[in-house]
>>> print(open('model12.pdb').read())   # PDB, C-alpha atoms, pLDDT in the B column
MODEL        1
ATOM      1  CA  MET A   1     -96.925 100.537  27.285  1.00 90.00           C
ATOM      2  CA  PRO A   2     -98.272 103.956  28.278  1.00 96.00           C
ATOM      3  CA  LEU A   3     -97.227 106.804  25.969  1.00 98.00           C
ATOM      4  CA  ILE A   4     -97.387 110.386  27.239  1.00 98.00           C
ATOM      5  CA  GLN A   5     -97.049 113.069  24.570  1.00 98.00           C
ATOM      6  CA  ILE A   6     -96.209 116.655  25.472  1.00 98.00           C
ATOM      7  CA  SER A   7     -96.410 119.486  22.942  1.00 97.00           C
ATOM      8  CA  GLN A   8     -94.785 122.780  23.897  1.00 96.00           C
ATOM      9  CA  THR A   9     -93.137 125.851  22.495  1.00 94.00           C
ATOM     10  CA  PRO A  10     -89.347 125.630  22.094  1.00 96.00           C
ATOM     11  CA  GLY A  11     -87.069 126.903  24.813  1.00 96.00           C
ATOM     12  CA  LEU A  12     -86.211 124.197  27.327  1.00 97.00           C
ATOM     13  CA  THR A  13     -82.601 123.134  27.681  1.00 98.00           C
ATOM     14  CA  THR A  14     -81.587 119.510  27.289  1.00 98.00           C
ATOM     15  CA  GLU A  15     -81.308 119.280  31.076  1.00 98.00           C
ATOM     16  CA  GLN A  16     -84.802 120.715  31.565  1.00 98.00           C
ATOM     17  CA  LYS A  17     -86.239 118.272  29.043  1.00 98.00           C
ATOM     18  CA  ALA A  18     -84.617 115.376  30.912  1.00 98.00           C
ATOM     19  CA  ALA A  19     -86.088 116.669  34.191  1.00 98.00           C
ATOM     20  CA  VAL A  20     -89.576 116.947  32.667  1.00 98.00           C
ATOM     21  CA  ILE A  21     -89.382 113.419  31.254  1.00 98.00           C
ATOM     22  CA  ALA A  22     -88.208 112.029  34.600  1.00 98.00           C
ATOM     23  CA  ALA A  23     -90.882 113.886  36.602  1.00 98.00           C
ATOM     24  CA  VAL A  24     -93.744 112.949  34.279  1.00 98.00           C
ATOM     25  CA  THR A  25     -92.621 109.322  34.194  1.00 98.00           C
ATOM     26  CA  LYS A  26     -92.420 109.140  37.985  1.00 98.00           C
ATOM     27  CA  ALA A  27     -95.797 110.847  38.504  1.00 98.00           C
ATOM     28  CA  TYR A  28     -97.556 108.571  36.017  1.00 98.00           C
ATOM     29  CA  ALA A  29     -95.978 105.428  37.450  1.00 98.00           C
ATOM     30  CA  GLU A  30     -96.967 106.394  40.989  1.00 98.00           C
ATOM     31  CA  ALA A  31    -100.540 107.301  40.017  1.00 98.00           C
ATOM     32  CA  SER A  32    -101.143 104.266  37.797  1.00 97.00           C
ATOM     33  CA  GLY A  33     -99.125 101.607  39.569  1.00 96.00           C
ATOM     34  CA  LYS A  34     -97.152 100.962  36.370  1.00 96.00           C
ATOM     35  CA  ASN A  35     -93.431 100.316  36.333  1.00 97.00           C
ATOM     36  CA  GLU A  36     -91.439 103.405  35.293  1.00 98.00           C
ATOM     37  CA  SER A  37     -89.547 101.314  32.743  1.00 97.00           C
ATOM     38  CA  SER A  38     -92.770 100.805  30.764  1.00 97.00           C
ATOM     39  CA  VAL A  39     -93.641 104.522  30.516  1.00 98.00           C
ATOM     40  CA  TRP A  40     -92.743 106.351  27.302  1.00 98.00           C
ATOM     41  CA  VAL A  41     -92.673 110.157  27.085  1.00 98.00           C
ATOM     42  CA  THR A  42     -92.235 112.299  23.980  1.00 98.00           C
ATOM     43  CA  LEU A  43     -91.624 116.047  23.877  1.00 98.00           C
ATOM     44  CA  THR A  44     -92.588 117.807  20.675  1.00 98.00           C
ATOM     45  CA  GLU A  45     -91.493 121.395  20.214  1.00 97.00           C
ATOM     46  CA  VAL A  46     -93.956 123.380  18.136  1.00 96.00           C
ATOM     47  CA  PRO A  47     -92.944 126.893  17.018  1.00 95.00           C
ATOM     48  CA  ARG A  48     -95.042 129.665  18.598  1.00 93.00           C
ATOM     49  CA  GLU A  49     -96.391 130.720  15.193  1.00 93.00           C
ATOM     50  CA  ASN A  50     -98.007 127.271  14.889  1.00 95.00           C
ATOM     51  CA  TRP A  51    -100.034 127.686  18.113  1.00 94.00           C
ATOM     52  CA  GLY A  52    -103.309 129.491  18.588  1.00 94.00           C
ATOM     53  CA  VAL A  53    -105.379 130.183  21.692  1.00 94.00           C
ATOM     54  CA  GLY A  54    -108.910 131.504  21.499  1.00 96.00           C
ATOM     55  CA  GLY A  55    -108.605 131.967  17.752  1.00 95.00           C
ATOM     56  CA  VAL A  56    -105.476 134.123  18.062  1.00 94.00           C
ATOM     57  CA  PRO A  57    -101.989 132.984  16.947  1.00 92.00           C
ATOM     58  CA  LEU A  58     -99.291 133.091  19.629  1.00 87.00           C
ATOM     59  CA  GLY A  59     -96.488 133.907  17.190  1.00 79.00           C
TER
ENDMDL
END
>>> encode(input="model12.pdb", output="structure tokens")
Amino acid sequence: MPLIQISQTPGLTTEQKAAVIAAVTKAYAEASGKNESSVWVTLTEVPRENWGVGGVPLG
């Protein structure tokens, strides 16, 4: 059971999240030869103030 975890800042709509999950699942299944039904995807929304890039907070 492959598990793909995506962390991102909040902002996608429910429809966009569904599209991301579908696209990532399809891409992984095609690249790995796995069945799409065995691919798990999680989206975790992390507030901008909890992110940092190059030592600088995004928030």
>>> residues_around(input="model12.pdb", residues="Thr25 of chain A", least_positions_apart="6", cutoff="10 Å", atoms="all atoms listed in the file", output="tab-separated table (two decimals) with C-alpha atoms, keeping the file's coordinate frame")
chain	number	residue	atom	x	y	z
A	2	PRO	CA	-98.27	103.96	28.28
A	3	LEU	CA	-97.23	106.80	25.97
A	4	ILE	CA	-97.39	110.39	27.24
A	19	ALA	CA	-86.09	116.67	34.19
A	34	LYS	CA	-97.15	100.96	36.37
A	35	ASN	CA	-93.43	100.32	36.33
A	36	GLU	CA	-91.44	103.40	35.29
A	37	SER	CA	-89.55	101.31	32.74
A	38	SER	CA	-92.77	100.80	30.76
A	39	VAL	CA	-93.64	104.52	30.52
A	40	TRP	CA	-92.74	106.35	27.30
A	41	VAL	CA	-92.67	110.16	27.08
>>> atom_distance(input="model12.pdb", atom1="atom CA of Gly11 of chain A", atom2="atom CA of Thr44 of chain A")
11.4 Å
>>> residues_around(input="model12.pdb", residues="Lys17 of chain A", least_positions_apart="6", cutoff="10 Å", atoms="all atoms listed in the file", output="MDAnalysis selection string")
chainID A and resid 11 23 42:43
>>> atom_distance(input="model12.pdb", atom1="atom CA of Gln8 of chain A", atom2="atom CA of Glu49 of chain A")
11.9 Å
>>> atom_distance(input="model12.pdb", atom1="atom CA of Ile21 of chain A", atom2="atom CA of Ile6 of chain A")
9.5 Å
>>> residues_near_point(input="model12.pdb", point="(-96.2, 122.2, 16.5)", cutoff="10 Å", atoms="all atoms listed in the file", output="JSON, numbers by chain")
{"A": [7, 8, 9, 10, 44, 45, 46, 47, 48, 49, 50, 51]}
